[in-house]
file entry-v9.cif (mmCIF, C-alpha atoms)
data_upload
#
loop_
_atom_site.label_atom_id
_atom_site.label_comp_id
_atom_site.auth_asym_id
_atom_site.auth_seq_id
_atom_site.Cartn_x
_atom_site.Cartn_y
_atom_site.Cartn_z
CA MET A 1 65.73 46.06 -29.76
CA THR A 2 66.73 43.31 -27.38
CA ARG A 3 64.37 44.46 -24.66
CA ARG A 4 61.35 44.47 -27.00
CA LEU A 5 61.91 40.89 -28.12
CA MET A 6 62.04 39.57 -24.57
CA LYS A 7 58.82 41.28 -23.66
CA THR A 8 57.05 39.76 -26.65
CA ALA A 9 58.20 36.25 -25.78
CA LEU A 10 56.80 36.50 -22.26
CA LEU A 11 53.37 37.56 -23.47
CA GLY A 12 53.26 34.70 -25.93
CA GLY A 13 54.01 32.20 -23.16
CA ALA A 14 51.16 33.49 -21.03
CA ALA A 15 48.72 33.15 -23.89
CA LEU A 16 49.74 29.54 -24.49
CA LEU A 17 49.27 28.67 -20.83
CA ALA A 18 45.74 30.06 -20.83
CA LEU A 19 44.89 28.08 -23.92
CA GLY A 20 46.13 24.87 -22.28
CA PHE A 21 43.68 25.25 -19.34
CA GLY A 22 40.83 25.78 -21.77
CA VAL A 23 41.48 22.59 -23.70
CA ALA A 24 41.66 20.13 -20.72
CA PRO A 25 37.94 20.32 -19.64
CA VAL A 26 36.81 19.83 -23.25
CA LEU A 27 38.68 16.54 -23.49
CA ALA A 28 37.19 15.33 -20.17
CA ASP A 29 33.61 16.08 -21.28
CA THR A 30 33.89 14.06 -24.47
CA THR A 31 35.58 10.94 -23.03
CA ASP A 32 35.69 10.34 -19.22
CA THR A 33 32.17 11.54 -18.29
CA SER A 34 30.32 9.34 -20.78
CA SER A 35 32.19 6.19 -19.76
CA SER A 36 31.52 6.90 -16.04
CA ASP A 37 27.74 7.25 -16.59
CA SER A 38 27.45 3.96 -18.46
CA SER A 39 29.28 1.99 -15.80
CA SER A 40 27.24 3.40 -12.87
CA SER A 41 23.87 2.65 -14.53
CA SER A 42 24.74 -1.03 -14.95
CA SER A 43 25.46 -1.66 -11.23
CA VAL A 44 22.29 -0.54 -9.34
CA GLY A 45 22.07 -1.94 -5.75
CA PRO A 46 18.95 -2.93 -3.66
CA THR A 47 16.39 -0.15 -3.03
CA SER A 48 14.41 -1.59 -0.05
CA GLU A 49 14.72 -3.86 2.98
CA SER A 50 12.06 -5.70 5.05
CA THR A 51 12.27 -5.99 8.84
CA SER A 52 9.87 -6.99 11.63
CA THR A 53 8.76 -5.43 14.91
CA THR A 54 7.28 -7.62 17.66
CA ALA A 55 5.13 -6.78 20.69
CA GLU A 56 3.78 -9.39 23.12
CA PHE A 57 0.80 -8.89 25.44
CA ASP A 58 -0.21 -11.43 28.09
CA THR A 59 -3.61 -11.68 29.78
CA ASN A 60 -3.63 -12.79 33.40
CA PRO A 61 -4.88 -16.40 33.40
CA ASN A 62 -6.98 -15.60 36.48
CA ALA A 63 -8.57 -12.51 34.92
CA THR A 64 -12.37 -12.30 34.78
CA ILE A 65 -14.95 -10.02 33.22
CA THR A 66 -16.63 -8.00 35.97
CA LEU A 67 -19.70 -5.84 36.50
CA SER A 68 -18.35 -2.75 38.25
CA SER A 69 -21.45 -0.58 38.66
CA ALA A 70 -25.22 -0.43 38.13
CA PRO A 71 -27.81 2.35 38.60
CA ASN A 72 -30.20 3.22 41.40
CA ILE A 73 -33.35 4.83 40.02
CA SER A 74 -35.76 7.22 41.71
CA PHE A 75 -39.14 8.53 40.49
CA GLY A 76 -39.52 10.99 43.37
CA LYS A 77 -42.91 11.97 44.90
CA ASN A 78 -46.08 11.71 42.83
CA ILE A 79 -49.86 11.85 43.26
CA THR A 80 -51.36 8.39 43.69
CA PRO A 81 -52.91 7.41 40.34
CA ASN A 82 -56.62 7.03 41.09
CA GLY A 83 -58.12 9.26 38.38
CA PRO A 84 -59.67 8.44 35.02
CA THR A 85 -56.26 7.79 33.39
CA ASN A 86 -53.32 5.60 34.24
CA GLY A 87 -50.14 7.13 35.57
CA ASN A 88 -46.94 7.46 33.54
CA TYR A 89 -43.85 8.77 35.31
CA THR A 90 -40.34 9.73 34.25
CA ALA A 91 -37.32 9.06 36.46
CA VAL A 92 -35.93 11.94 38.46
CA THR A 93 -32.46 10.46 39.00
CA VAL A 94 -30.39 7.59 37.56
CA ASP A 95 -27.13 7.70 39.47
CA ASN A 96 -24.67 5.27 37.84
CA PRO A 97 -23.95 3.67 34.48
CA ILE A 98 -23.85 -0.08 33.98
CA GLY A 99 -20.09 -0.62 33.97
CA VAL A 100 -18.37 -3.72 32.57
CA SER A 101 -14.62 -4.33 32.71
CA ASN A 102 -13.06 -6.90 30.36
CA PRO A 103 -9.28 -7.41 30.86
CA GLY A 104 -8.83 -9.03 27.45
CA LEU A 105 -10.98 -12.16 27.31
CA GLY A 106 -12.48 -12.95 23.90
CA SER A 107 -15.47 -14.95 25.16
CA GLY A 108 -17.98 -12.14 24.66
CA TRP A 109 -20.39 -11.21 27.43
CA ASN A 110 -23.91 -10.04 28.24
CA VAL A 111 -25.73 -8.24 31.04
CA GLN A 112 -29.27 -9.20 32.04
CA VAL A 113 -31.60 -7.55 34.52
CA LYS A 114 -34.75 -8.53 36.41
CA ASN A 115 -36.86 -6.90 39.13
CA THR A 116 -39.21 -7.74 41.95
CA PRO A 117 -42.73 -6.23 42.29
CA PHE A 118 -42.90 -2.67 43.64
CA THR A 119 -43.78 -3.22 47.32
CA ASP A 120 -44.18 -0.88 50.32
CA ALA A 121 -43.28 -1.44 53.97
CA THR A 122 -46.71 -2.92 54.76
CA GLY A 123 -46.47 -5.46 51.93
CA ASP A 124 -48.85 -3.71 49.52
CA THR A 125 -47.77 -3.79 45.89
CA LEU A 126 -47.99 -1.31 43.08
CA SER A 127 -50.11 -3.67 41.02
CA GLY A 128 -49.52 -3.78 37.29
CA ALA A 129 -46.53 -1.38 37.37
CA VAL A 130 -44.14 -1.73 34.43
CA LEU A 131 -40.64 -0.27 34.44
CA ALA A 132 -39.32 0.60 30.96
CA LEU A 133 -35.68 1.22 30.07
CA ALA A 134 -34.80 2.77 26.73
CA SER A 135 -31.69 1.62 24.88
CA PRO A 136 -28.72 2.99 26.86
CA THR A 137 -25.93 5.20 25.58
CA ILE A 138 -22.82 3.01 25.33
CA ALA A 139 -19.25 4.32 25.35
CA ALA A 140 -15.77 3.05 26.12
CA ALA A 141 -14.07 4.54 29.16
CA ASN A 142 -10.99 5.33 27.01
CA THR A 143 -10.70 7.28 23.77
CA GLY A 144 -10.26 5.27 20.58
CA ASN A 145 -11.07 1.78 21.89
CA PRO A 146 -10.99 -0.36 18.68
CA SER A 147 -12.88 -3.33 20.18
CA ALA A 148 -16.35 -4.17 18.83
CA LYS A 149 -18.92 -2.12 20.72
CA PRO A 150 -21.54 -3.92 22.85
CA ASP A 151 -25.15 -3.71 21.68
CA GLY A 152 -27.77 -2.17 23.97
CA MET A 153 -31.44 -3.15 24.04
CA SER A 154 -34.58 -1.41 25.28
CA LEU A 155 -36.73 -3.51 27.61
CA SER A 156 -39.66 -3.59 30.00
CA LEU A 157 -39.72 -5.15 33.48
CA ASP A 158 -43.04 -6.19 35.01
CA GLY A 159 -41.82 -7.38 38.41
CA THR A 160 -42.04 -11.10 37.66
CA ASN A 161 -38.30 -11.65 38.25
CA ALA A 162 -37.77 -12.69 34.61
CA ASN A 163 -34.36 -11.83 33.14
CA GLU A 164 -34.18 -9.49 30.17
CA ILE A 165 -31.02 -8.97 28.11
CA LEU A 166 -29.76 -5.42 28.36
CA LEU A 167 -26.22 -5.49 26.89
CA SER A 168 -24.45 -7.97 24.64
CA ALA A 169 -20.83 -8.00 23.40
CA PRO A 170 -19.81 -10.40 20.58
CA LEU A 171 -16.92 -12.85 20.55
CA LYS A 172 -13.63 -10.92 20.83
CA GLY A 173 -15.68 -7.76 21.41
CA GLY A 174 -16.40 -5.55 24.40
CA LEU A 175 -12.75 -5.49 25.47
CA GLY A 176 -11.63 -2.86 27.94
CA ILE A 177 -14.05 -0.86 30.10
CA TRP A 178 -17.53 -0.01 28.80
CA ASP A 179 -20.27 2.14 30.34
CA ALA A 180 -23.96 1.96 29.42
CA SER A 181 -25.69 5.10 30.70
CA TYR A 182 -29.32 6.15 31.08
CA SER A 183 -30.64 9.67 31.13
CA PRO A 184 -33.66 10.10 33.43
CA SER A 185 -35.85 10.73 30.39
CA GLY A 186 -35.04 7.23 29.13
CA VAL A 187 -36.48 5.50 32.22
CA THR A 188 -40.25 5.46 32.76
CA LEU A 189 -42.79 3.79 35.03
CA ALA A 190 -46.34 3.00 33.92
CA VAL A 191 -48.83 2.48 36.77
CA PRO A 192 -52.51 1.60 36.30
CA ALA A 193 -54.94 3.80 38.21
CA GLY A 194 -56.35 2.26 41.38
CA GLN A 195 -53.47 2.15 43.88
CA MET A 196 -52.87 2.65 47.59
CA GLY A 197 -50.60 5.54 48.54
CA GLY A 198 -47.15 4.63 49.88
CA THR A 199 -43.45 4.40 49.11
CA TYR A 200 -42.87 1.43 46.83
CA THR A 201 -39.54 -0.18 46.08
CA SER A 202 -38.50 -2.75 43.50
CA THR A 203 -35.20 -4.61 43.77
CA MET A 204 -33.31 -4.82 40.48
CA THR A 205 -30.75 -7.58 39.93
CA TRP A 206 -28.10 -7.01 37.26
CA GLN A 207 -26.32 -10.18 36.14
CA LEU A 208 -23.18 -10.52 34.01
CA SER A 209 -22.47 -13.66 32.00
CA ASP A 210 -19.26 -14.27 30.02
CA THR A 211 -21.05 -15.37 26.86
CA PRO A 212 -22.59 -13.32 24.03
CA GLU A 213 -26.35 -13.41 23.45
#

call {"tool": "encode", "arguments": {"input": "entry-v9.cif", "output": "structure tokens"}}
result
Amino acid sequence: MTRRLMKTALLGGAALLALGFGVAPVLADTTDTSSSDSSSSSSVGPTSESTSTTAEFDTNPNATITLSSAPNISFGKNITPNGPTNGNYTAVTVDNPIGVSNPGLGSGWNVQVKNTPFTDATGDTLSGAVLALASPTIAAANTGNPSAKPDGMSLSLDGTNANEILLSAPLKGGLGIWDASYSPSGVTLAVPAGQMGGTYTSTMTWQLSDTPE
């Protein structure tokens, strides 16, 4: 009889201990958790901060806008126009773009061009010849240049040495390096019939000015 009573007492103690562990979390859920939530919601800190980042860029005070290249144009060999119709010829080669380099000056700029009469070695001229340039294809030398793009104009040159505006960049525009290119099909020469045979050359003068037009 004594042994049975002892065994029963031990089992009862184990059951009470298990019940004690089950009660503790219930008390915490109904009291401590609710008070913790209310206190944390009333003390919210800052959610954003503002800072600054600075970058400085200096332009050389001696920097200038420059004309770096211009095209030579050839119409090749042709039959002297002495038939019932006037001659119209398309360029065979145009070797270079019109290149302008702007190191960061906001003055704007323009390029003008003029030409002399087409003349051969003996002094004869290609009378009435008119050189026509279509509007060039304009592109920055680098990818993604955000500067305002220069405008390109079509024009005709009659050998009177009168300047014609070819390219124009606005104020604060045309920064960086820009190329204006001609395809041969965009350059033509109109020559009235009634000419002496010969090799005729016209000198073209390309002039850059640091003002927009």

call {"tool": "residues_around", "arguments": {"input": "entry-v9.cif", "residues": "A:Leu171", "least_positions_apart": "5", "cutoff": "9 Å", "atoms": "only C-alpha atoms", "output": "ChimeraX atom specification"}}
result
/A:106-109,148,211-212

call {"tool": "closest_residue", "arguments": {"input": "entry-v9.cif", "among": "A:Asn72, A:Ser202, A:Ser181, A:Thr51", "to": "A:Val130", "atoms": "only C-alpha atoms"}}
result
A:Ser202

call {"tool": "resolve_selection", "arguments": {"input": "entry-v9.cif", "expression": "the PyMOL selection byres ((chain A and resi 76-84) around 8)", "output": "ChimeraX atom specification"}}
result
/A:74-75,85-87,91-92,191-197

call {"tool": "atom_distance", "arguments": {"input": "entry-v9.cif", "atom1": "atom CA of A:Ser156", "atom2": "atom CA of A:Ala121"}}
result
24.3 Å

call {"tool": "residues_around", "arguments": {"input": "entry-v9.cif", "residues": "A:Ile73", "least_positions_apart": "5", "cutoff": "7 Å", "atoms": "only C-alpha atoms", "output": "ChimeraX atom specification"}}
result
/A:91,93-95

call {"tool": "residues_around", "arguments": {"input": "entry-v9.cif", "residues": "A:Ile65", "least_positions_apart": "3", "cutoff": "8 Å", "atoms": "all atoms listed in the file", "output": "PDB file with C-alpha atoms, in the coordinates of the input"}}
result
ATOM      1  CA  VAL A 100     -18.370  -3.720  32.570  1.00  0.00           C
ATOM      2  CA  SER A 101     -14.620  -4.330  32.710  1.00  0.00           C
ATOM      3  CA  ASN A 102     -13.060  -6.900  30.360  1.00  0.00           C
ATOM      4  CA  PRO A 103      -9.280  -7.410  30.860  1.00  0.00           C
ATOM      5  CA  LEU A 105     -10.980 -12.160  27.310  1.00  0.00           C
ATOM      6  CA  ASP A 210     -19.260 -14.270  30.020  1.00  0.00           C
TER       7      ASP A 210
END
